[in-house]
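Written out below as structure tokens is the structure these notes cover.
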Amino acid sequence: MAKSGTVGQPGAAYTFESGEKPVRRHTFAVIVDNEPGVLARVIGLFAGRGYNIESLTVSTVTEDEEVSRINIVTTGTEMVIEQIKAQLQRLVPVHNVHDLTLEGPHVEKELALVKVTAKDHNRRESLRIADIYHAQVSDTTLESFVFLIHGSPDKVDSFIELMDALGGVEVARSGVVAISRGSKITPI
Amino acid sequence: MSTTSMNGAEMVIKSLVDQGVEVIFGYPGGAVLPIYDALFQQNRIRHILVRHEQGAVHAAEGYARSTGKPGVVLVTSGPGATNAVTGLTDALMDSIPIVCLTGQVPTHLIGNDAFQECDTTGITRPCTKHNYLVKDVNRLSKTLHEAFYVATTGRPGPVVVDIPKDVQFGVGDYTAPNGKQAHKTYRPQVKPERARIDAAVDMLLSAKKPIVYAGGGVINSGPAASQLLGEFVRMTNFPCTLTLMGLGAFPAKEPQFLGMLGMHGTYEANWAMHDCDVMLCIGARFDDRITGKLDDFSPNSRKIHIDIDPSSINKNVAVELPIIGDCGYALEDLIKVMRSRHTKPDEKALAEWWEQIDEWRAKKCLEFDKSDEVIKPQHAIRRLYEMTRDKGDEVYITTEVGQHQMWAAQHFDFHKPNRWMTSGGLGTMGYGLPAAVGVQLGHPDALVVDIAGEASTLMNIQELSTAVQYRLPIKVFILNNKYMGMVRQWQELLHGSRYSESYSEALPDFVKLAEAYGLKGLRATTPDELDGMIEEMLAHDGPVLCDIAVDPTENCYPMIPSGAAHNDMLLGPVSDGQEAIGKEGKMLV
């Protein structure tokens with residue numbers, strides 16, 4: 001373990017220990033100018049500095065389409081998470097960066113389209129499970145369904161796992177969108 | 001805000017003039033011909049024709065670092081832009097304000113693999129502070145003003161503006177700059193929080209073994225920040241050490257100066273860093289060349305870190321008290337608050353601390369074995385310093401990268417900021433000669449010397465031609481040991497003296513080379529020729545290239561071997577059978 005006053009950050013040239021500090025999952029909301037290349041800047045930063053991206057979603061969020069919101073789920077030690085925030089903040093088109101995990105309670109939702117091919121009993125079972133998960137049927141043939149499910153990433157994970165047990169599965173997931181709880185509006 | 005109609009190329013010139021630009025460094029090509037045509041038809045902007053685009057960026061860096069103004073570069077598309085990449089990365093690592101204009105193929109050809117097309121904004125995204133592709137001539141002038149704002153605001157850095165040829169020909173409205181904030185949201189924090197300054201003063205006043213560790217941020221903040229640093233250090237009598245990039249921010253002649261710290265820093269500076277109890281870091285970034293082994297870096301100190309870039313905080317070393325802001329403002333506030341306090345630094349503790357530091361100083365770690373037969377590189381630099389001392393502040397030094405760079409940092413004393421131009425972060429061989437060209441343009445009457453190694457200087461030797469064309473009296477002071485000296489030193493320490501490819505078999509005759517380029521060539525091969533050669537070099541009013549045959553086996557000490565801590569320095573060669581660098585250290589750079 002690193003002594004006090006110094007840190008064992010993976011990638012630092014003079015650190016021999018690594019991976020001993022607890023890794024945590026954080027959800028960021030990054031408010032950016034909606035200009036060409038801005039997403040490449042954000043992704044390039046993560047790739048160039050060796051940070052993880054678990055999920056990333058992006059869309060404009062203002063009526064004039066001038067501002068986009070990027071939601072990023074990432075993992076890292078406390079120091080790495082702090083660096084990610086500072087490095088994102090340093091990009092010129094970035095207005096502000098919110099570490100939703102640190103800032104307090106927040107809602108995290110994900111949407112997925114799950115295609116399941118199943119026959120007979122398994123087909124009926126898939127419908128029953130979809131009902132339990134409040135998934136909707138978006139498309140059907142005689143041997144398949146496309147379910148639309150939304151909820152926490154955990155819920156989507158568990159739904160896909162169950163469907164996978166019933167037959168062939170194809171998945172399209174949106175990635176996490178997140179917003180803070182309460183009445184406060186995040187400035188852009 | 002006034003608007004006038006003109007074409008894109010004219011807008012480029014008008015924007016540069018309105019931004020106060022006097023000199024630009026560039027190289028023409030197909031995709032920037034309209035801008036070169038506009039340059040031809042005006043006399044406000046002076047264009048310096050370099051011989052390679054990398055040289056253009058380094059020259060602009062030298063100009064920027066020595067004048068405090070942004071350096072401007074103009075290059076063509078494709079190879080013009082890719083050749084500039086090393087210089088841009090260098091400027092990013094060392095926080096130098098550069099605006100680099102690149103030509104681009106016409107917008108309708110972008111993405112078609114057109115002749116001399118490359119994805120300039122894609123390639124330069126990670127090596128610039130910010131970049132732009134301008135697709136609409138009506139956005140061009142605003143973008144250019146924004147580029148200057150971004151390059152010079154907050155932590156400075158290089159900005160690329162990629163301008164397609166049809167945009168240069170297109171006619172649109174020119175918008176003049178409207179005051180300072182040219183970007184709608186980019187507002188770095190420059191004023192430090194008062195509460196943090198108070199906390200810093202509390203911490204500093206409680207210190208028994210304080211140290212001030214300052215870097216290039218103080219220089220970037222402007223000469224006033226260096227003044228304030230001097231005031232603060234003299235007022236507190238705290239020992240002060242500077243990084244490679246910070247040399248000149250505090251006068252080397254003053255008693256509080258411990259010399260440079262880090263891998264080739266002084267014994268006293270590194271030990272003081274290791275043993276201090278409160279560290280005040282101003283405008284430096286705990287780079288790996290400074291810290292050595294992180295786990296043993298200054299283990300018993302509380303640390304205050306002043307930096308304009310929040311991402312520098314806690315990047316390598318966790319600090320107790322981060323202060324975000326410009327060094328100049330922070331130093332001003334520190335001095336003000338310190339003065340307002342009734343308590344003063346603990347004089348008794350400080351006296352004991354200085355006693356300890358003097359013990360370390362007594363090691364005289366920069367001493368080297370003198371010789372009557374062969375020129376010691378350190379001796380050559382010391383003589384250069386001594387023989388130019390009477391010129392005072394009008395001496396500007398650039399360097400290439402390697403042993404000579406470290407010896408220059410150790411043996412040439414700087415008393416003023418902006419007099420020392422070196423490639424610190426990226427370590428770019430070939431930086432010094434074009435940088436000297438840029439410095440000389442900013443300071444036509446000053447003495448500008450590129451302290452060089454023969455291997456580095458060959459990497460951008462073509463810029464001699466630029467110096468001759470513009471009659472720039474730069475002096476290239478080559479310490480020729482026939483080796484890539486620092487590579488050889490590491491091979492000696494790490495790889496059993498197997499000098500793999502670090503010896504240059506076929507070096508040119510540098511005197512003849514100088515003459516071929518049309519400048520004066522001088523040579524010294526023995527110590528008794530050295531002073532005469534330096535005199536001749538200084539007496540000549542044009543550019544001079546000096547080839548000084550130095551001891552080929554000399555190594556650069558003191559040294560913190562990679563993977564070692566500050567209190568584990570090598571003062572000289574290790575004896576046989578001893579390992580200078582451990583197995584883990586060998587993995588590092």
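Ordering of the structure tokens sets the chain letters (A, B, ...); residue numbers start at 1 within each chain; ligands are numbered from 1 in the order shown.
Taking the backbone of this structure through DSSP, the residues of stretch 504-575 of chain B that come out as alpha helix (DSSP H) are Phe510, Val511, Lys512, Leu513, Ala514, Glu515, Ala516, Tyr517, Pro527, Asp528, Glu529, Leu530, Asp531, Gly532, Met533, Ile534, Glu535, Glu536, Met537, Leu538 and Ala539 of chain B.
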Dump N, CA and C atoms for the selected residues as a PDB file, in the first residue's frame?
```pdb
ATOM      1  N   PHE B 510      31.033  19.973 -38.638  1.00  0.00           N
ATOM      2  CA  PHE B 510      30.076  21.042 -38.328  1.00  0.00           C
ATOM      3  C   PHE B 510      30.553  22.422 -38.807  1.00  0.00           C
ATOM      4  N   VAL B 511      31.861  22.620 -38.834  1.00  0.00           N
ATOM      5  CA  VAL B 511      32.363  23.918 -39.296  1.00  0.00           C
ATOM      6  C   VAL B 511      32.061  24.088 -40.785  1.00  0.00           C
ATOM      7  N   LYS B 512      32.335  23.008 -41.542  1.00  0.00           N
ATOM      8  CA  LYS B 512      32.032  23.075 -42.980  1.00  0.00           C
ATOM      9  C   LYS B 512      30.521  23.174 -43.210  1.00  0.00           C
ATOM     10  N   LEU B 513      29.778  22.468 -42.362  1.00  0.00           N
ATOM     11  CA  LEU B 513      28.316  22.510 -42.474  1.00  0.00           C
ATOM     12  C   LEU B 513      27.827  23.946 -42.279  1.00  0.00           C
ATOM     13  N   ALA B 514      28.363  24.607 -41.265  1.00  0.00           N
ATOM     14  CA  ALA B 514      27.991  26.000 -40.991  1.00  0.00           C
ATOM     15  C   ALA B 514      28.312  26.853 -42.216  1.00  0.00           C
ATOM     16  N   GLU B 515      29.499  26.645 -42.752  1.00  0.00           N
ATOM     17  CA  GLU B 515      29.902  27.448 -43.909  1.00  0.00           C
ATOM     18  C   GLU B 515      29.007  27.164 -45.114  1.00  0.00           C
ATOM     19  N   ALA B 516      28.619  25.917 -45.273  1.00  0.00           N
ATOM     20  CA  ALA B 516      27.736  25.557 -46.380  1.00  0.00           C
ATOM     21  C   ALA B 516      26.395  26.284 -46.265  1.00  0.00           C
ATOM     22  N   TYR B 517      25.927  26.451 -45.012  1.00  0.00           N
ATOM     23  CA  TYR B 517      24.665  27.180 -44.800  1.00  0.00           C
ATOM     24  C   TYR B 517      24.863  28.683 -44.863  1.00  0.00           C
ATOM     25  N   PRO B 527      40.856  22.408 -23.998  1.00  0.00           N
ATOM     26  CA  PRO B 527      40.394  23.425 -23.044  1.00  0.00           C
ATOM     27  C   PRO B 527      41.012  24.799 -23.296  1.00  0.00           C
ATOM     28  N   ASP B 528      42.269  24.855 -23.765  1.00  0.00           N
ATOM     29  CA  ASP B 528      42.868  26.182 -23.943  1.00  0.00           C
ATOM     30  C   ASP B 528      42.334  26.912 -25.179  1.00  0.00           C
ATOM     31  N   GLU B 529      41.621  26.215 -26.036  1.00  0.00           N
ATOM     32  CA  GLU B 529      41.015  26.887 -27.201  1.00  0.00           C
ATOM     33  C   GLU B 529      39.624  27.447 -26.881  1.00  0.00           C
ATOM     34  N   LEU B 530      39.066  26.987 -25.755  1.00  0.00           N
ATOM     35  CA  LEU B 530      37.645  27.255 -25.497  1.00  0.00           C
ATOM     36  C   LEU B 530      37.330  28.751 -25.359  1.00  0.00           C
ATOM     37  N   ASP B 531      38.070  29.441 -24.478  1.00  0.00           N
ATOM     38  CA  ASP B 531      37.748  30.845 -24.217  1.00  0.00           C
ATOM     39  C   ASP B 531      37.882  31.694 -25.480  1.00  0.00           C
ATOM     40  N   GLY B 532      38.929  31.417 -26.232  1.00  0.00           N
ATOM     41  CA  GLY B 532      39.139  32.163 -27.475  1.00  0.00           C
ATOM     42  C   GLY B 532      37.985  31.956 -28.439  1.00  0.00           C
ATOM     43  N   MET B 533      37.511  30.710 -28.498  1.00  0.00           N
ATOM     44  CA  MET B 533      36.400  30.408 -29.399  1.00  0.00           C
ATOM     45  C   MET B 533      35.123  31.136 -28.954  1.00  0.00           C
ATOM     46  N   ILE B 534      34.882  31.133 -27.636  1.00  0.00           N
ATOM     47  CA  ILE B 534      33.671  31.822 -27.137  1.00  0.00           C
ATOM     48  C   ILE B 534      33.778  33.324 -27.429  1.00  0.00           C
ATOM     49  N   GLU B 535      34.970  33.872 -27.232  1.00  0.00           N
ATOM     50  CA  GLU B 535      35.167  35.293 -27.530  1.00  0.00           C
ATOM     51  C   GLU B 535      34.861  35.605 -28.988  1.00  0.00           C
ATOM     52  N   GLU B 536      35.386  34.751 -29.853  1.00  0.00           N
ATOM     53  CA  GLU B 536      35.171  34.951 -31.290  1.00  0.00           C
ATOM     54  C   GLU B 536      33.684  34.835 -31.629  1.00  0.00           C
ATOM     55  N   MET B 537      33.042  33.865 -30.986  1.00  0.00           N
ATOM     56  CA  MET B 537      31.604  33.659 -31.204  1.00  0.00           C
ATOM     57  C   MET B 537      30.830  34.920 -30.807  1.00  0.00           C
ATOM     58  N   LEU B 538      31.172  35.468 -29.639  1.00  0.00           N
ATOM     59  CA  LEU B 538      30.437  36.630 -29.133  1.00  0.00           C
ATOM     60  C   LEU B 538      30.737  37.872 -29.966  1.00  0.00           C
ATOM     61  N   ALA B 539      31.954  37.925 -30.517  1.00  0.00           N
ATOM     62  CA  ALA B 539      32.356  39.119 -31.271  1.00  0.00           C
ATOM     63  C   ALA B 539      31.693  39.179 -32.644  1.00  0.00           C
TER      64      ALA B 539
END
```
Non-local contacts of B:Leu92 (9 Å; only C-alpha atoms; under 3 positions in same chain excluded) as a compact mmCIF listing (two decimals) with N, CA and C atoms, in the first residue's frame:
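Done, and the output landed in around_20.txt:
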```txt
# COMPACT_ATOMS: atom_id res chain seq x y z
N GLY B 87 5.67 19.65 -32.56
CA GLY B 87 5.75 20.96 -31.93
C GLY B 87 4.51 21.27 -31.10
N LEU B 88 3.34 20.89 -31.63
CA LEU B 88 2.10 21.14 -30.89
C LEU B 88 2.09 20.34 -29.59
N THR B 89 2.51 19.09 -29.65
CA THR B 89 2.55 18.26 -28.44
C THR B 89 3.53 18.86 -27.43
N SER B 95 2.82 23.90 -21.76
CA SER B 95 1.86 25.00 -21.57
C SER B 95 2.31 26.30 -22.24
N ILE B 96 2.57 26.23 -23.53
CA ILE B 96 3.00 27.41 -24.30
C ILE B 96 1.84 27.85 -25.20
N PRO B 97 1.47 29.13 -25.15
CA PRO B 97 0.37 29.59 -26.00
C PRO B 97 0.77 29.67 -27.47
N ILE B 98 0.13 28.85 -28.29
CA ILE B 98 0.43 28.82 -29.73
C ILE B 98 -0.91 28.83 -30.47
N CYS B 127 -3.35 16.53 -29.03
CA CYS B 127 -2.10 17.26 -28.80
C CYS B 127 -2.30 18.77 -28.86
N THR B 128 -3.54 19.21 -28.71
CA THR B 128 -3.80 20.64 -28.60
C THR B 128 -4.70 20.88 -27.39
N LYS B 129 -4.73 22.12 -26.95
CA LYS B 129 -5.66 22.48 -25.89
C LYS B 129 -7.07 22.47 -26.46
N PRO B 156 -2.06 28.02 -20.44
CA PRO B 156 -1.90 28.25 -21.88
C PRO B 156 -1.63 26.95 -22.63
N GLY B 157 -1.83 26.98 -23.93
CA GLY B 157 -1.57 25.79 -24.72
C GLY B 157 -1.77 26.07 -26.20
N PRO B 158 -1.48 25.07 -27.03
CA PRO B 158 -1.61 25.26 -28.47
C PRO B 158 -3.05 25.07 -28.94
N GLY B 425 8.55 18.91 -20.87
CA GLY B 425 7.59 17.82 -20.75
C GLY B 425 7.78 16.75 -21.81
N LEU B 426 7.84 17.17 -23.06
CA LEU B 426 7.93 16.19 -24.15
C LEU B 426 9.37 15.74 -24.38
```
**OP:** Show which residues sit within 8 Å of stretch 80-83 of chain B, as a PyMOL selection string. Count only C-alpha atoms, and ignore same-chain residues fewer than 4 positions away.
**Re:** chain B and resi 27+29+52-54+75-76+102+120+123
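With only C-alpha atoms as the basis for measurement, A:Gly37 is the residue among A:Gly167, A:Gly151, A:Gly37, A:Pro105 that approaches chain B most closely.
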Subject >> Distance-based interface of chain B with chain A, 8 Å, counting only C-alpha atoms, as a ChimeraX atom specification >> reply: /B:125-126,129-130,150,185-186,288,292-302,309-311,314-319,562-563,584,588-589
